[in-house]
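S.K.: Structure file protein_29.cif (mmCIF, C-alpha atoms) is given on the next line.
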data_entry
loop_
_atom_site.group_PDB
_atom_site.id
_atom_site.type_symbol
_atom_site.label_atom_id
_atom_site.label_comp_id
_atom_site.auth_asym_id
_atom_site.auth_seq_id
_atom_site.Cartn_x
_atom_site.Cartn_y
_atom_site.Cartn_z
ATOM 1 C CA MET F 1 95.643 98.796 89.044
ATOM 2 C CA ILE F 2 97.868 98.706 86.005
ATOM 3 C CA VAL F 3 100.974 96.552 85.909
ATOM 4 C CA PRO F 4 102.659 97.165 82.568
ATOM 5 C CA PRO F 5 104.251 94.206 80.812
ATOM 6 C CA GLU F 6 107.779 95.417 81.512
ATOM 7 C CA ILE F 7 107.061 95.334 85.246
ATOM 8 C CA ARG F 8 105.622 91.825 84.984
ATOM 9 C CA ASN F 9 108.616 90.744 82.915
ATOM 10 C CA GLU F 10 111.046 92.219 85.432
ATOM 11 C CA ILE F 11 109.400 90.261 88.243
ATOM 12 C CA ILE F 12 109.653 87.051 86.233
ATOM 13 C CA ALA F 13 113.267 87.762 85.264
ATOM 14 C CA HIS F 14 114.216 88.338 88.890
ATOM 15 C CA SER F 15 112.372 85.166 89.879
ATOM 16 C CA ARG F 16 114.238 83.096 87.312
ATOM 17 C CA GLN F 17 117.554 84.586 88.292
ATOM 18 C CA PHE F 18 117.037 83.820 91.966
ATOM 19 C CA ALA F 19 115.570 80.316 91.636
ATOM 20 C CA PRO F 20 115.530 77.893 93.381
ATOM 21 C CA ASN F 21 115.230 80.442 96.176
ATOM 22 C CA GLN F 22 112.332 82.858 96.274
ATOM 23 C CA ALA F 23 112.975 86.230 94.715
ATOM 24 C CA CYS F 24 111.214 89.142 96.378
ATOM 25 C CA GLY F 25 110.893 92.865 96.056
ATOM 26 C CA LEU F 26 108.688 95.907 96.075
ATOM 27 C CA VAL F 27 106.825 97.709 93.332
ATOM 28 C CA LEU F 28 106.499 101.475 93.139
ATOM 29 C CA PHE F 29 103.212 102.922 91.886
ATOM 30 C CA ASP F 30 102.327 106.414 90.742
ATOM 31 C CA ASP F 31 99.219 108.422 91.588
ATOM 32 C CA ALA F 32 97.334 106.826 88.717
ATOM 33 C CA ASP F 33 97.793 103.381 90.287
ATOM 34 C CA THR F 34 100.204 102.347 87.572
ATOM 35 C CA ALA F 35 103.237 100.296 88.532
ATOM 36 C CA ARG F 36 106.331 102.263 87.508
ATOM 37 C CA GLU F 37 109.332 100.475 88.902
ATOM 38 C CA VAL F 38 110.474 97.222 90.446
ATOM 39 C CA CYS F 39 112.807 97.467 93.428
ATOM 40 C CA ARG F 40 114.527 94.122 93.777
ATOM 41 C CA ALA F 41 115.070 93.207 97.409
ATOM 42 C CA ASP F 42 117.438 90.921 99.205
ATOM 43 C CA ASN F 43 115.641 87.919 100.617
ATOM 44 C CA HIS F 44 116.776 87.901 104.231
ATOM 45 C CA GLY F 45 117.810 84.296 104.843
ATOM 46 C CA ALA F 46 117.030 83.278 101.276
ATOM 47 C CA TRP F 47 115.489 79.855 100.911
ATOM 48 C CA PRO F 48 113.050 78.131 98.537
ATOM 49 C CA TYR F 49 109.951 78.234 100.719
ATOM 50 C CA GLY F 50 109.823 81.699 102.192
ATOM 51 C CA PHE F 51 110.977 85.258 101.967
ATOM 52 C CA GLN F 52 111.645 88.210 104.202
ATOM 53 C CA ILE F 53 112.489 91.500 102.591
ATOM 54 C CA ALA F 54 115.773 92.724 104.037
ATOM 55 C CA PRO F 55 115.264 95.907 106.083
ATOM 56 C CA GLN F 56 117.832 97.840 104.055
ATOM 57 C CA SER F 57 116.125 96.914 100.772
ATOM 58 C CA GLN F 58 112.775 97.971 102.140
ATOM 59 C CA PHE F 59 114.138 101.260 103.429
ATOM 60 C CA ALA F 60 115.791 101.998 100.102
ATOM 61 C CA ALA F 61 112.518 101.375 98.245
ATOM 62 C CA PHE F 62 110.569 103.715 100.522
ATOM 63 C CA GLN F 63 113.247 106.378 100.168
ATOM 64 C CA ARG F 64 113.174 106.070 96.401
ATOM 65 C CA ALA F 65 109.379 106.254 96.327
ATOM 66 C CA ASP F 66 109.458 109.416 98.473
ATOM 67 C CA ARG F 67 112.071 110.964 96.211
ATOM 68 C CA LEU F 68 110.076 110.267 93.052
ATOM 69 C CA GLY F 69 106.685 111.193 94.454
ATOM 70 C CA TRP F 70 105.460 107.618 94.125
ATOM 71 C CA ARG F 71 104.471 105.084 96.744
ATOM 72 C CA VAL F 72 105.401 101.536 97.620
ATOM 73 C CA GLY F 73 102.183 99.944 96.437
ATOM 74 C CA GLY F 74 103.114 96.331 95.907
ATOM 75 C CA VAL F 75 105.142 93.418 97.173
ATOM 76 C CA TYR F 76 106.179 90.473 95.063
ATOM 77 C CA HIS F 77 107.764 87.112 95.556
ATOM 78 C CA CYS F 78 108.058 83.893 93.611
ATOM 79 C CA HIS F 79 106.710 80.401 94.063
ATOM 80 C CA VAL F 80 109.283 78.384 92.196
ATOM 81 C CA VAL F 81 107.536 75.013 92.251
ATOM 82 C CA SER F 82 103.933 75.851 93.062
ATOM 83 C CA GLU F 83 101.108 77.941 91.702
ATOM 84 C CA ALA F 84 100.819 81.680 92.204
ATOM 85 C CA ARG F 85 98.375 81.406 95.074
ATOM 86 C CA PRO F 86 98.911 82.634 98.645
ATOM 87 C CA THR F 87 100.160 79.965 101.012
ATOM 88 C CA GLY F 88 99.485 79.733 104.716
ATOM 89 C CA ARG F 89 102.781 81.534 105.232
ATOM 90 C CA ASP F 90 101.587 84.379 103.022
ATOM 91 C CA LEU F 91 98.342 84.667 104.947
ATOM 92 C CA LYS F 92 99.994 84.451 108.353
ATOM 93 C CA ARG F 93 101.366 87.958 108.241
ATOM 94 C CA PRO F 94 99.581 89.790 105.452
ATOM 95 C CA VAL F 95 100.851 93.004 103.954
ATOM 96 C CA PRO F 96 99.002 96.239 104.751
ATOM 97 C CA PRO F 97 95.518 96.781 103.346
ATOM 98 C CA GLY F 98 95.639 98.261 99.878
ATOM 99 C CA MET F 99 99.113 96.957 99.112
ATOM 100 C CA LEU F 100 99.137 94.673 96.108
ATOM 101 C CA TYR F 101 100.560 91.220 96.766
ATOM 102 C CA LEU F 102 102.044 89.857 93.566
ATOM 103 C CA ILE F 103 103.025 86.222 93.305
ATOM 104 C CA ALA F 104 105.016 84.888 90.394
ATOM 105 C CA SER F 105 105.044 81.196 89.588
ATOM 106 C CA LEU F 106 107.708 79.328 87.654
ATOM 107 C CA LEU F 107 105.818 76.053 87.900
ATOM 108 C CA ASP F 108 105.394 76.108 84.123
ATOM 109 C CA ASP F 109 108.759 77.347 82.980
ATOM 110 C CA GLU F 110 107.453 77.909 79.463
ATOM 111 C CA ALA F 111 104.595 80.052 80.688
ATOM 112 C CA PRO F 112 105.435 81.729 83.992
ATOM 113 C CA SER F 113 102.562 83.575 85.590
ATOM 114 C CA VAL F 114 102.053 86.547 87.861
ATOM 115 C CA ARG F 115 98.868 86.903 89.874
ATOM 116 C CA ALA F 116 97.861 89.637 92.276
ATOM 117 C CA TYR F 117 95.949 89.723 95.529
ATOM 118 C CA LEU F 118 94.724 92.122 98.152
ATOM 119 C CA PHE F 119 94.456 91.014 101.741
ATOM 120 C CA GLU F 120 91.181 91.903 103.380
ATOM 121 C CA ALA F 121 89.962 90.704 106.748
ATOM 122 C CA GLY F 122 92.502 87.922 106.876
ATOM 123 C CA ALA F 123 91.695 86.573 103.423
ATOM 124 C CA ALA F 124 93.271 87.075 100.023
ATOM 125 C CA ARG F 125 91.135 88.402 97.169
ATOM 126 C CA GLU F 126 92.515 87.987 93.670
ATOM 127 C CA ILE F 127 92.687 91.144 91.593
ATOM 128 C CA GLU F 128 92.412 91.177 87.834
ATOM 129 C CA LEU F 129 95.356 93.185 86.584
ATOM 130 C CA ASP F 130 95.739 95.015 83.340
ATOM 131 C CA PHE F 131 99.101 93.827 82.040
ATOM 132 C CA SER F 132 98.749 95.460 78.647
ATOM 133 C CA LYS F 133 98.895 99.209 79.090
ATOM 134 C CA PRO F 134 102.237 100.886 78.621
ATOM 135 C CA THR F 135 103.977 102.900 81.294
ATOM 136 C CA GLY F 136 103.447 106.660 81.134
ATOM 137 C CA GLY F 137 106.170 109.264 80.724
ATOM 138 C CA GLU F 138 109.567 108.999 82.310
ATOM 139 C CA LYS F 139 110.014 110.330 85.838
ATOM 140 C CA MET J 1 118.309 115.514 124.822
ATOM 141 C CA ALA J 2 118.229 115.309 121.016
ATOM 142 C CA LYS J 3 115.408 116.512 118.812
ATOM 143 C CA LEU J 4 114.272 113.591 116.731
ATOM 144 C CA SER J 5 111.713 113.128 113.976
ATOM 145 C CA VAL J 6 110.000 109.766 113.946
ATOM 146 C CA VAL J 7 108.818 108.952 110.433
ATOM 147 C CA LEU J 8 106.094 106.330 110.165
ATOM 148 C CA GLN J 9 105.927 104.633 106.808
ATOM 149 C CA PRO J 10 102.626 102.976 105.831
ATOM 150 C CA PRO J 11 100.840 101.225 107.427
ATOM 151 C CA LEU J 12 102.223 102.592 110.707
ATOM 152 C CA ASP J 13 101.159 106.129 109.823
ATOM 153 C CA GLN J 14 97.515 105.162 110.250
ATOM 154 C CA PHE J 15 98.118 104.775 113.985
ATOM 155 C CA ALA J 16 99.124 108.402 114.367
ATOM 156 C CA THR J 17 96.269 110.340 112.838
ATOM 157 C CA GLY J 18 96.852 114.058 112.706
ATOM 158 C CA PHE J 19 100.629 113.774 112.489
ATOM 159 C CA SER J 20 101.024 113.205 108.725
ATOM 160 C CA GLY J 21 103.333 110.286 109.353
ATOM 161 C CA ARG J 22 105.905 112.317 111.273
ATOM 162 C CA LEU J 23 106.195 112.920 115.004
ATOM 163 C CA GLU J 24 108.645 115.341 116.603
ATOM 164 C CA VAL J 25 110.007 114.047 119.907
ATOM 165 C CA ASP J 26 112.921 114.395 122.293
ATOM 166 C CA GLY J 27 115.109 111.498 123.346
ATOM 167 C CA GLU J 28 118.592 110.404 124.282
ATOM 168 C CA THR J 29 118.189 107.019 122.631
ATOM 169 C CA VAL J 30 116.158 105.582 119.790
ATOM 170 C CA LEU J 31 114.142 103.687 122.374
ATOM 171 C CA ASP J 32 113.398 106.943 124.232
ATOM 172 C CA ALA J 33 112.145 108.410 120.986
ATOM 173 C CA LEU J 34 109.889 105.454 120.305
ATOM 174 C CA HIS J 35 108.379 105.670 123.778
ATOM 175 C CA ALA J 36 107.877 109.402 123.264
ATOM 176 C CA ALA J 37 106.156 108.671 119.947
ATOM 177 C CA VAL J 38 103.815 106.257 121.673
ATOM 178 C CA ALA J 39 103.066 108.920 124.299
ATOM 179 C CA LEU J 40 101.934 111.207 121.465
ATOM 180 C CA ALA J 41 100.097 108.491 119.541
ATOM 181 C CA PRO J 42 99.129 105.687 121.933
ATOM 182 C CA SER J 43 97.673 103.540 119.143
ATOM 183 C CA LEU J 44 101.227 102.918 117.961
ATOM 184 C CA ALA J 45 102.048 100.889 121.052
ATOM 185 C CA MET J 46 100.661 97.594 119.780
ATOM 186 C CA SER J 47 102.603 97.854 116.548
ATOM 187 C CA LEU J 48 105.916 98.996 118.007
ATOM 188 C CA PHE J 49 106.176 96.977 121.177
ATOM 189 C CA ASP J 50 105.708 93.405 122.232
ATOM 190 C CA GLY J 51 105.424 93.805 125.980
ATOM 191 C CA ASP J 52 108.514 95.706 127.057
ATOM 192 C CA SER J 53 110.474 94.733 123.961
ATOM 193 C CA LEU J 54 110.515 96.203 120.514
ATOM 194 C CA SER J 55 108.300 94.213 118.169
ATOM 195 C CA PRO J 56 110.250 91.833 115.936
ATOM 196 C CA PHE J 57 108.040 93.023 113.083
ATOM 197 C CA VAL J 58 109.348 96.589 113.114
ATOM 198 C CA HIS J 59 112.505 97.771 111.363
ATOM 199 C CA VAL J 60 114.195 100.851 112.812
ATOM 200 C CA PHE J 61 116.508 103.239 110.955
ATOM 201 C CA TYR J 62 118.331 106.191 112.480
ATOM 202 C CA ASN J 63 119.659 108.712 109.990
ATOM 203 C CA SER J 64 119.290 106.067 107.272
ATOM 204 C CA ALA J 65 121.286 103.416 109.161
ATOM 205 C CA TYR J 66 119.588 100.205 110.261
ATOM 206 C CA VAL J 67 119.402 99.870 114.044
ATOM 207 C CA PRO J 68 119.042 96.273 115.289
ATOM 208 C CA ALA J 69 116.513 95.907 118.094
ATOM 209 C CA GLY J 70 119.282 95.225 120.611
ATOM 210 C CA GLU J 71 120.928 98.566 119.865
ATOM 211 C CA CYS J 72 117.916 100.818 120.201
ATOM 212 C CA ALA J 73 118.873 101.648 123.787
ATOM 213 C CA ASN J 74 122.231 103.048 122.641
ATOM 214 C CA HIS J 75 122.580 106.816 122.785
ATOM 215 C CA VAL J 76 121.921 108.723 119.616
ATOM 216 C CA THR J 77 124.655 110.988 118.356
ATOM 217 C CA GLY J 78 122.442 114.006 117.835
ATOM 218 C CA SER J 79 119.332 115.275 116.199
ATOM 219 C CA GLY J 80 118.043 113.375 113.254
ATOM 220 C CA GLU J 81 115.405 111.156 111.804
ATOM 221 C CA ILE J 82 114.153 107.782 112.894
ATOM 222 C CA CYS J 83 112.274 105.845 110.250
ATOM 223 C CA LEU J 84 110.023 102.932 111.152
ATOM 224 C CA LEU J 85 108.933 100.188 108.757
ATOM 225 C CA THR J 86 106.913 97.061 109.316
ATOM 226 C CA SER J 87 108.619 93.902 108.183
ATOM 227 C CA ILE J 88 107.326 92.127 105.083
ATOM 228 C CA ARG J 89 107.585 88.373 104.903
ATOM 229 C CA GLY J 90 105.718 85.423 103.512
ATOM 230 C CA GLY J 91 106.334 82.575 101.188
#
Can you give me the file's structure in the form of structure tokens?
M.R.:
Amino acid sequence: MIVPPEIRNEIIAHSRQFAPNQACGLVLFDDADTAREVCRADNHGAWPYGFQIAPQSQFAAFQRADRLGWRVGGVYHCHVVSEARPTGRDLKRPVPPGMLYLIASLLDDEAPSVRAYLFEAGAAREIELDFSKPTGGEK
Amino acid sequence: MAKLSVVLQPPLDQFATGFSGRLEVDGETVLDALHAAVALAPSLAMSLFDGDSLSPFVHVFYNSAYVPAGECANHVTGSGEICLLTSIRGG
């Protein structure tokens, strides 16, 4: 799956803006499995150690994906003071199979990171992402 | 009795094979429609309901407006679309 640098940067920018609470949102992918757009979401009951995507934000992202012929293919949130690894809370209610689970970390403010996982059989498997390829044509 | 489309966004659509993520049902309330959807696709039951109650992990929208679980038994105002999403949370 391709996550162009502007998508990664948008996730980090949102994370920084929302700190110390956890930023969260959804990522729209096209048919070529390339991330095309970040849909920032409201964190329902925002707090530093958890997130819940507000229903209205989630609905809006699915509507937008339908309208553009894309799909909601990823979820992201931020670990402000820990590494970009799934916590027990992340594993407790995993996202659907095939949906990319992106975690940003601001632990090193000079070098924020974004890592990606897929949940399979109750476990998280890290996915190597290509952050270098540019987005395709405009939709 | 209103004609209602129940739209199942992923991953709920996988529990209604053969319906392409959309079920056409009749109902006077959102709750009626959800029960009718389960009658058509019984595999949905575990995802939509927790015993007799709506699952806290499902978000319901009626004609693009969020419907809190406690209001799903209210009468719908007419034909339209019900959209179901599973909640996403973590941390």
S.K.: Hey, what comes out of the PyMOL selection byres ((chain F and resi 51) around 12) on this file? Could you write it as a ChimeraX atom specification?
M.R.: /F:18,21-25,41-50,52-54,75-79,89-90,93,103 /J:87-91
S.K.: Name the residues that the PyMOL selection byres ((chain F and resi 63) around 12) picks from the file above, as a ChimeraX atom specification, using the file's chain letters and numbers.
M.R.: /F:28,39,56-62,64-72 /J:7,9,61,63-64,83-85
S.K.: Excluding stretch 20-22 of chain J and its own-chain neighbours fewer than 4 positions away, which residues fall within 10 Å of it when counting all atoms listed in the file? Please give them as a list in words.
M.R.: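 In the requested form, the answer reads Ser5, Val6, Val7, Leu8, Gln9, Pro10, Pro11, Leu12, Asp13, Gln14, Phe15, Ala16, Ala37, Glu81, Ile82 and Cys83 of chain J.
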S.K.: Mind dumping the selected residues with C-alpha atoms as a PDB file, keeping the file's coordinate frame?
M.R.:
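Output (again-v2.pdb):
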ATOM      1  CA  SER J   5     111.713 113.128 113.976  1.00  0.00           C
ATOM      2  CA  VAL J   6     110.000 109.766 113.946  1.00  0.00           C
ATOM      3  CA  VAL J   7     108.818 108.952 110.433  1.00  0.00           C
ATOM      4  CA  LEU J   8     106.094 106.330 110.165  1.00  0.00           C
ATOM      5  CA  GLN J   9     105.927 104.633 106.808  1.00  0.00           C
ATOM      6  CA  PRO J  10     102.626 102.976 105.831  1.00  0.00           C
ATOM      7  CA  PRO J  11     100.840 101.225 107.427  1.00  0.00           C
ATOM      8  CA  LEU J  12     102.223 102.592 110.707  1.00  0.00           C
ATOM      9  CA  ASP J  13     101.159 106.129 109.823  1.00  0.00           C
ATOM     10  CA  GLN J  14      97.515 105.162 110.250  1.00  0.00           C
ATOM     11  CA  PHE J  15      98.118 104.775 113.985  1.00  0.00           C
ATOM     12  CA  ALA J  16      99.124 108.402 114.367  1.00  0.00           C
ATOM     13  CA  ALA J  37     106.156 108.671 119.947  1.00  0.00           C
ATOM     14  CA  GLU J  81     115.405 111.156 111.804  1.00  0.00           C
ATOM     15  CA  ILE J  82     114.153 107.782 112.894  1.00  0.00           C
ATOM     16  CA  CYS J  83     112.274 105.845 110.250  1.00  0.00           C
TER      17      CYS J  83
END
S.K.: What does the distance from atom CA of F:Arg8 to atom CA of J:His59 come to in Å, to one decimal?
M.R.: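 Separation of atom CA of F:Arg8 and atom CA of J:His59: 27.9 Å.
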S.K.: Rank J:Pro42, J:Gly27, J:Gly78, J:Pro56 by their smallest atom-to-atom distance to chain F, using all atoms listed in the file, and report the top residue only.
M.R.: J:Pro56
S.K.: If I take atom CA of F:Glu126 and atom CA of F:Gln17, how far is one from the other in Å, to one decimal?
M.R.: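 A separation of 25.8 Å between them.
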S.K.: Just so the selection is clear, what residues does the PyMOL selection byres ((chain J and resi 54) around 12) cover here, as an MDAnalysis selection string?
M.R.: chainID J and resid 30:32 34:35 44:53 55:60 67:73 84 86
S.K.: Looking at all atoms listed in the file, which of J:Val76, J:Ala33, J:Tyr66, J:Val38 is the one that sits closest to chain F?
M.R.: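 Checking each candidate against chain F, we get J:Tyr66 as the closest.
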S.K.: Any idea what the distance is between atom CA of F:Pro94 and atom CA of F:Thr34?
M.R.: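 Computing it gives 21.9 Å between the two atoms.
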S.K.: Could you please fill out stretch 48-81 of chain J with N, CA and C atoms and send it back as an mmCIF file, in the frame of the given file?
M.R.:
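Wrote it out as part-v2.cif, contents follow:
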data_model
loop_
_atom_site.group_PDB
_atom_site.id
_atom_site.type_symbol
_atom_site.label_atom_id
_atom_site.label_comp_id
_atom_site.auth_asym_id
_atom_site.auth_seq_id
_atom_site.Cartn_x
_atom_site.Cartn_y
_atom_site.Cartn_z
ATOM 1 N N LEU J 48 104.478 98.788 117.770
ATOM 2 C CA LEU J 48 105.916 98.996 118.007
ATOM 3 C C LEU J 48 106.488 98.092 119.084
ATOM 4 N N PHE J 49 105.646 97.729 120.033
ATOM 5 C CA PHE J 49 106.176 96.977 121.177
ATOM 6 C C PHE J 49 105.458 95.651 121.375
ATOM 7 N N ASP J 50 106.244 94.698 121.843
ATOM 8 C CA ASP J 50 105.708 93.405 122.232
ATOM 9 C C ASP J 50 106.050 93.276 123.714
ATOM 10 N N GLY J 51 105.112 93.691 124.550
ATOM 11 C CA GLY J 51 105.424 93.805 125.980
ATOM 12 C C GLY J 51 106.394 94.949 126.178
ATOM 13 N N ASP J 52 107.510 94.663 126.835
ATOM 14 C CA ASP J 52 108.514 95.706 127.057
ATOM 15 C C ASP J 52 109.538 95.772 125.921
ATOM 16 N N SER J 53 109.466 94.802 125.025
ATOM 17 C CA SER J 53 110.474 94.733 123.961
ATOM 18 C C SER J 53 109.947 95.327 122.664
ATOM 19 N N LEU J 54 110.891 95.729 121.846
ATOM 20 C CA LEU J 54 110.515 96.203 120.514
ATOM 21 C C LEU J 54 109.956 95.027 119.713
ATOM 22 N N SER J 55 108.903 95.276 118.971
ATOM 23 C CA SER J 55 108.300 94.213 118.169
ATOM 24 C C SER J 55 109.307 93.688 117.148
ATOM 25 N N PRO J 56 109.355 92.368 116.972
ATOM 26 C CA PRO J 56 110.250 91.833 115.936
ATOM 27 C C PRO J 56 109.765 92.151 114.524
ATOM 28 N N PHE J 57 108.596 92.718 114.410
ATOM 29 C CA PHE J 57 108.040 93.023 113.083
ATOM 30 C C PHE J 57 108.218 94.492 112.698
ATOM 31 N N VAL J 58 109.074 95.186 113.443
ATOM 32 C CA VAL J 58 109.348 96.589 113.114
ATOM 33 C C VAL J 58 110.830 96.740 112.795
ATOM 34 N N HIS J 59 111.122 97.434 111.710
ATOM 35 C CA HIS J 59 112.505 97.771 111.363
ATOM 36 C C HIS J 59 112.735 99.235 111.727
ATOM 37 N N VAL J 60 113.876 99.496 112.362
ATOM 38 C CA VAL J 60 114.195 100.851 112.812
ATOM 39 C C VAL J 60 115.447 101.357 112.087
ATOM 40 N N PHE J 61 115.357 102.577 111.582
ATOM 41 C CA PHE J 61 116.508 103.239 110.955
ATOM 42 C C PHE J 61 116.728 104.583 111.633
ATOM 43 N N TYR J 62 117.983 104.889 111.908
ATOM 44 C CA TYR J 62 118.331 106.191 112.480
ATOM 45 C C TYR J 62 119.293 106.877 111.507
ATOM 46 N N ASN J 63 118.874 108.009 111.013
ATOM 47 C CA ASN J 63 119.659 108.712 109.990
ATOM 48 C C ASN J 63 120.111 107.754 108.882
ATOM 49 N N SER J 64 119.135 106.987 108.405
ATOM 50 C CA SER J 64 119.290 106.067 107.272
ATOM 51 C C SER J 64 120.099 104.810 107.580
ATOM 52 N N ALA J 65 120.532 104.622 108.813
ATOM 53 C CA ALA J 65 121.286 103.416 109.161
ATOM 54 C C ALA J 65 120.380 102.469 109.953
ATOM 55 N N TYR J 66 120.411 101.199 109.574
ATOM 56 C CA TYR J 66 119.588 100.205 110.261
ATOM 57 C C TYR J 66 120.045 100.049 111.712
ATOM 58 N N VAL J 67 119.091 100.038 112.629
ATOM 59 C CA VAL J 67 119.402 99.870 114.044
ATOM 60 C C VAL J 67 118.782 98.550 114.519
ATOM 61 N N PRO J 68 119.602 97.527 114.770
ATOM 62 C CA PRO J 68 119.042 96.273 115.289
ATOM 63 C C PRO J 68 118.331 96.520 116.618
ATOM 64 N N ALA J 69 117.332 95.698 116.893
ATOM 65 C CA ALA J 69 116.513 95.907 118.094
ATOM 66 C C ALA J 69 117.384 96.024 119.351
ATOM 67 N N GLY J 70 118.434 95.228 119.413
ATOM 68 C CA GLY J 70 119.282 95.225 120.611
ATOM 69 C C GLY J 70 120.097 96.490 120.794
ATOM 70 N N GLU J 71 120.123 97.342 119.772
ATOM 71 C CA GLU J 71 120.928 98.566 119.865
ATOM 72 C C GLU J 71 120.081 99.826 119.986
ATOM 73 N N CYS J 72 118.791 99.642 120.134
ATOM 74 C CA CYS J 72 117.916 100.818 120.201
ATOM 75 C C CYS J 72 118.075 101.592 121.512
ATOM 76 N N ALA J 73 118.670 100.949 122.514
ATOM 77 C CA ALA J 73 118.873 101.648 123.787
ATOM 78 C C ALA J 73 120.196 102.406 123.798
ATOM 79 N N ASN J 74 120.979 102.284 122.720
ATOM 80 C CA ASN J 74 122.231 103.048 122.641
ATOM 81 C C ASN J 74 121.923 104.526 122.437
ATOM 82 N N HIS J 75 122.800 105.371 122.923
ATOM 83 C CA HIS J 75 122.580 106.816 122.785
ATOM 84 C C HIS J 75 122.695 107.256 121.336
ATOM 85 N N VAL J 76 121.822 108.158 120.960
ATOM 86 C CA VAL J 76 121.921 108.723 119.616
ATOM 87 C C VAL J 76 123.023 109.776 119.621
ATOM 88 N N THR J 77 123.527 110.058 118.441
ATOM 89 C CA THR J 77 124.655 110.988 118.356
ATOM 90 C C THR J 77 124.209 112.433 118.170
ATOM 91 N N GLY J 78 122.941 112.641 118.011
ATOM 92 C CA GLY J 78 122.442 114.006 117.835
ATOM 93 C C GLY J 78 121.077 114.002 117.208
ATOM 94 N N SER J 79 120.640 115.162 116.823
ATOM 95 C CA SER J 79 119.332 115.275 116.199
ATOM 96 C C SER J 79 119.303 114.487 114.905
ATOM 97 N N GLY J 80 118.131 114.123 114.501
ATOM 98 C CA GLY J 80 118.043 113.375 113.254
ATOM 99 C C GLY J 80 116.688 112.748 113.075
ATOM 100 N N GLU J 81 116.665 111.761 112.204
ATOM 101 C CA GLU J 81 115.405 111.156 111.804
ATOM 102 C C GLU J 81 115.419 109.664 112.077
#
